[in-house]
Amino acid sequence: MRTKKILSAVMAFSMTATAMLGSAAFEASAADKKTLTFDFRSDGKNAVTISAAEIAAGDFTVPVDIYIPENPGVNGINLKLQINDGEVDENGVFGNYGLYLNDGDLAAPFCFDSANKGDASGSAAKTFNAEDMNLSWVFSQNPDLNADAAVQADTTEWDASAAWAYTNAFATANLVVPKDTPAGTYELNIREDKYLNARSAEAATPVYSKSSCTGAESESALSYNSVPLTVTVEAAEDTWKDSYAGADDGHYLIIGDVCGKPGAKVEVPVYVYNDKGTAGAQVYFELDSALKLDSFNIDDATAYMPPPVTNTEAGNNIGSFVFNDVENTYAENGSILTILNVIIPENAADGTSYGISFYNNENDAPLKVVDYDGIDLPVKYFDGSVTVVSGSDVTLNHTSFNAREIGETVNLTVFNATGAVTWSSSDTSVATVDQNGFVKTVGKGAAAITAKVNGTDYTCNVKVGGLFGDVDENGEISSADAQLTLRHYVATMANKPAMLSEAAQAIADVDGNGKVEVNDAQFILNYYTKKVVGKNASANWREVTKNPNAPADY
């Protein structure tokens with residue numbers, strides 16, 4: 001085996017210092033501790049910060065250099081890299097939170113180059129499978145040989161004080177942080193626990209491996225440590241959140257708007273605003289028939305102290321919430337009355353919005369909020385929604401809203417918005433919108449409510465007055481509405497003047513694709529046939545048109 005020695009101007013100075021101070025200084029070096037060190041760096045640093053704007057703009061690539069600043073003499077290296085804990089599933093497959101490596105290879109020149117002239121290909125074996133985050137390298141088939149250090153021939157060990165310790169990397173790669181990676185800290189490091197060889201996952205006898213390093217003395221295991229690379233993805237400081245605080249001055253309850261993946265259980269809060277003093281409440285909720293009310297969460301309710309009585313088996317997908325107190329209590333604005341645990345259908349399509357409304361049957365189940373004297377309080381109730389959002393795309397909870405009467409309201413919420421949201425109405429004589437997306441209808445006609453997020457517009461088309469599909473606006477749905485729709489389509493296809501006004505076109509576009517076409521005429525006729533002629537009470541626009549933003553019915 002080669003004689004181990006540390007030669008450089010820096011080390012010569014260290015040896016002089018050792019002679020002056022005694023042998024203890026030399027004995028404390030990392031090399032004598034027989035520990036190999038791996039240092040993960042990007043542009044010479046162990047930390048990288050990615051702004052919210054950068055990660056929202058697209059995949060972000062972090063160049064990675066793996067240095068070996070402490071080397072007691074090594075012949076073989078086998079490493080499994082991972083992000084944080086590796087996010088390993090039950091089959092042992094690494095998820096790594098969506099982050100991945102590409103372009104992995106030994107550096108050129110790499111840190112062991114006195115024998116290989118800086119060419120890693122001179123090693124006995126090398127592989128860097130970036131996709132699997134596996135790195136393997138063997139200097140020589142002769143286990144008695146250690147790799148030499150860069151620059152100084154015949155040097156088989158060194159520590160960080162050597163002049164060349166950070167001159168050449170051992171390996172390089174690119175760490176890709178995908179677009180819209182959630183804010184947080186991600187650490188690229190060596191996995192110390194054993195791991196399943198992915199290629200043997202389905203074999204009769206799965207093979208497990210473990211990161212290891214081999215020294216030159218009898219192929220002995222070599223201790224190692226590492227300095228990880230930390231990547232921080234920042235959260236947008238101005239990420240928009242709906243506060244549900246409308247401009248209305250009165251006491252009101254409002255059901256929140258939430259989003260979730262198909263099959264997920266989501267928590268839908270019910271907020272209290274402008275409470276003037278409450279001693280009890282009797283509140284009922286009706287959910288879209290596709291949703292399932294699993295339970296009420298009263299543990300996180302913050303509005304009132306007394307425990308409520310809840311019921312999820314009230315029938316027709318109605319849940320109730322009741323509480324009584326001995327004196328008036330005052331809820332702070334935004335306090336939570338209760339939380340509805342709701343299950344989204346497994347087969348729900350992205351963008352579908354399901355309504356959750358307050359249910360009021362004046363005889364059997366009246367909504368009621370009372371004070372200490374038992375007097376009904378003039379409380380207003382605003383409905384909410386559950387929107388299906390599988391990924392991280394910016395999504396508006398409603399893309400259309402149809403109001404029969406002036407004075408109806410809807411709360412618009414933008415999901416996955418990073419940055420400020422600016423709201424506007426194309427016609428404030430039809431509908432107004434405040435800074436929280438709270439829309440009020442003030443006149444008949446059509447208006448587009450727009451949320452601008454990072455320069456992109458997201459629009460909800462509002463129609464006020466008339467029935468959905470009532471193209472002639474005579475107050476009823478008939479075959480005449482289908483005929484008008486079809487005639488308008490034929491005229492436009494023949495490049496003739498449009499037969500319908502813009503407002504009438506908004507009513508005729510029942511499938512919600514922004515165009516008046518043959519399909520719309522067919523849907524109107526189908527609805528008329530089922531609902532009116534066939535007297536099928538269960539027939540509704542959403543079922544007929546497959547438009548998730550169509551009203552369930554009037």
# chains A, B, ... in the order shown; residues from 1 in each chain; ligands from 1
>>> residues_around(residues="A:Leu36", least_positions_apart="3", cutoff="10 Å", atoms="only C-alpha atoms", output="MDAnalysis selection string")
chainID A and resid 30:31 33 68:74 77 157:159 213:215 222:226
>>> select_by_dssp(residues="stretch 290-348 of chain A", states="strand (DSSP E or B)", output="JSON, numbers by chain")
{"A": [292, 293, 294, 295, 296, 297, 309, 310, 311, 318, 319, 320, 321, 322, 323, 324, 325, 326, 327, 328, 329, 335, 336, 337, 338, 339, 340, 341, 342, 343]}
>>> residues_around(residues="stretch 284-291 of chain A", least_positions_apart="5", cutoff="6 Å", atoms="only C-alpha atoms", output="PyMOL selection string")
chain A and resi 317-320+343-344+354-359
>>> write_last_selection(atoms="all heavy atoms", output="CSV table (one decimal), in the first residue's frame")
chain,number,residue,atom,x,y,z
A,317,ASN,N,-79.6,14.5,3.1
A,317,ASN,CA,-78.3,15.1,3.2
A,317,ASN,C,-78.3,16.4,4.0
A,317,ASN,O,-77.5,17.3,3.8
A,317,ASN,CB,-77.6,15.3,1.9
A,317,ASN,CG,-76.2,14.9,1.9
A,317,ASN,OD1,-75.7,14.2,2.8
A,317,ASN,ND2,-75.4,15.3,0.9
A,318,ILE,N,-79.1,16.5,5.0
A,318,ILE,CA,-79.2,17.7,5.9
A,318,ILE,C,-78.6,17.4,7.2
A,318,ILE,O,-78.8,16.3,7.8
A,318,ILE,CB,-80.7,18.1,6.1
A,318,ILE,CG1,-81.3,18.4,4.7
A,318,ILE,CG2,-80.7,19.3,7.0
A,318,ILE,CD1,-82.8,18.6,4.8
A,319,GLY,N,-77.7,18.2,7.7
A,319,GLY,CA,-77.1,18.1,9.0
A,319,GLY,C,-77.6,19.3,9.8
A,319,GLY,O,-77.8,20.4,9.3
A,320,SER,N,-77.8,19.1,11.1
A,320,SER,CA,-78.2,20.2,12.0
A,320,SER,C,-77.2,20.5,13.0
A,320,SER,O,-76.3,19.7,13.4
A,320,SER,CB,-79.5,19.8,12.7
A,320,SER,OG,-79.4,18.6,13.5
A,343,ILE,N,-67.2,14.6,2.4
A,343,ILE,CA,-66.5,13.7,1.5
A,343,ILE,C,-66.9,14.0,0.1
A,343,ILE,O,-68.0,14.0,-0.3
A,343,ILE,CB,-66.8,12.2,1.8
A,343,ILE,CG1,-66.4,11.9,3.3
A,343,ILE,CG2,-66.1,11.3,0.9
A,343,ILE,CD1,-66.7,10.5,3.7
A,344,ILE,N,-65.8,14.2,-0.8
A,344,ILE,CA,-66.0,14.5,-2.2
A,344,ILE,C,-66.1,13.1,-2.9
A,344,ILE,O,-65.5,12.2,-2.6
A,344,ILE,CB,-64.8,15.3,-2.7
A,344,ILE,CG1,-64.7,16.6,-2.0
A,344,ILE,CG2,-64.9,15.5,-4.2
A,344,ILE,CD1,-63.4,17.4,-2.4
A,354,TYR,N,-69.5,21.9,-6.0
A,354,TYR,CA,-70.7,21.4,-5.3
A,354,TYR,C,-71.2,22.4,-4.3
A,354,TYR,O,-70.3,22.9,-3.5
A,354,TYR,CB,-70.4,20.1,-4.6
A,354,TYR,CG,-70.0,19.0,-5.6
A,354,TYR,CD1,-68.6,18.6,-5.6
A,354,TYR,CD2,-70.9,18.3,-6.4
A,354,TYR,CE1,-68.2,17.6,-6.4
A,354,TYR,CE2,-70.5,17.3,-7.2
A,354,TYR,CZ,-69.1,16.9,-7.3
A,354,TYR,OH,-68.7,15.9,-8.1
A,355,GLY,N,-72.4,22.7,-4.2
A,355,GLY,CA,-73.0,23.7,-3.3
A,355,GLY,C,-73.2,23.1,-1.9
A,355,GLY,O,-73.6,21.9,-1.8
A,356,ILE,N,-73.0,23.9,-0.9
A,356,ILE,CA,-73.4,23.6,0.5
A,356,ILE,C,-74.2,24.9,0.9
A,356,ILE,O,-73.7,26.0,0.9
A,356,ILE,CB,-72.3,23.4,1.4
A,356,ILE,CG1,-71.5,22.2,0.9
A,356,ILE,CG2,-72.7,23.2,2.8
A,356,ILE,CD1,-70.3,21.8,1.8
A,357,SER,N,-75.5,24.7,1.3
A,357,SER,CA,-76.3,25.8,1.6
A,357,SER,C,-77.0,25.7,3.0
A,357,SER,O,-77.0,24.6,3.5
A,357,SER,CB,-77.4,26.0,0.5
A,357,SER,OG,-78.2,24.8,0.4
A,358,PHE,N,-77.4,26.8,3.5
A,358,PHE,CA,-78.2,26.7,4.7
A,358,PHE,C,-79.6,26.3,4.3
A,358,PHE,O,-80.2,26.7,3.3
A,358,PHE,CB,-78.3,28.1,5.3
A,358,PHE,CG,-77.1,28.6,6.0
A,358,PHE,CD1,-76.2,29.4,5.3
A,358,PHE,CD2,-76.7,28.1,7.3
A,358,PHE,CE1,-75.0,29.8,5.9
A,358,PHE,CE2,-75.6,28.5,7.9
A,358,PHE,CZ,-74.7,29.4,7.2
A,359,TYR,N,-80.2,25.4,5.1
A,359,TYR,CA,-81.5,24.8,4.8
A,359,TYR,C,-82.5,25.4,5.7
A,359,TYR,O,-82.3,25.5,6.9
A,359,TYR,CB,-81.5,23.3,5.0
A,359,TYR,CG,-82.8,22.6,4.8
A,359,TYR,CD1,-83.2,22.3,3.5
A,359,TYR,CD2,-83.6,22.3,5.9
A,359,TYR,CE1,-84.4,21.6,3.3
A,359,TYR,CE2,-84.8,21.6,5.7
A,359,TYR,CZ,-85.2,21.3,4.4
A,359,TYR,OH,-86.4,20.7,4.2
>>> closest_residue(among="A:Lys444, A:His488, A:Lys241, A:Arg191", to="A:Gly466", atoms="only C-alpha atoms")
A:Lys444
>>> select_by_dssp(residues="stretch 120-318 of chain A", states="helix (DSSP H, G or I)", output="number ranges by chain")
A: 120-122, 198-200
>>> write_last_selection(atoms="C-alpha atoms", output="mmCIF file, in the first residue's frame")
data_model
loop_
_atom_site.group_PDB
_atom_site.id
_atom_site.type_symbol
_atom_site.label_atom_id
_atom_site.label_comp_id
_atom_site.auth_asym_id
_atom_site.auth_seq_id
_atom_site.Cartn_x
_atom_site.Cartn_y
_atom_site.Cartn_z
ATOM 1 C CA ALA A 120 -12.948 9.584 -13.765
ATOM 2 C CA SER A 121 -13.136 6.976 -16.502
ATOM 3 C CA GLY A 122 -9.767 5.718 -15.292
ATOM 4 C CA ALA A 198 -36.239 -0.792 -6.807
ATOM 5 C CA ARG A 199 -35.419 -3.353 -9.468
ATOM 6 C CA SER A 200 -36.002 -6.182 -6.974
#
>>> residues_around(residues="A:Cys460", least_positions_apart="2", cutoff="6 Å", atoms="only C-alpha atoms", output="MDAnalysis selection string")
chainID A and resid 399:400 448:449
>>> atom_distance(atom1="atom CA of A:Ala508", atom2="atom CA of A:Glu473")
10.5 Å
>>> residues_around(residues="A:Ala236", least_positions_apart="4", cutoff="12 Å", atoms="only C-alpha atoms", output="list in words")
Ile50, Ser51, Ala52, Ala53, Glu54, Ile55, Ala56, Asp180, Pro182, Ala183, Gly184, Trp240, Lys241, Asn416, Ala417, Thr418, Gly419, Ala420 and Asn454 of chain A
>>> residues_around(residues="A:Ile255", least_positions_apart="5", cutoff="8 Å", atoms="only C-alpha atoms", output="NGL selection string")
:A and (268-271 or 356-357 or 382-385)
>>> residues_around(residues="A:Ile524", least_positions_apart="3", cutoff="8 Å", atoms="only C-alpha atoms", output="number ranges by chain")
A: 469, 477-479, 481-482, 510, 520-521, 527-528
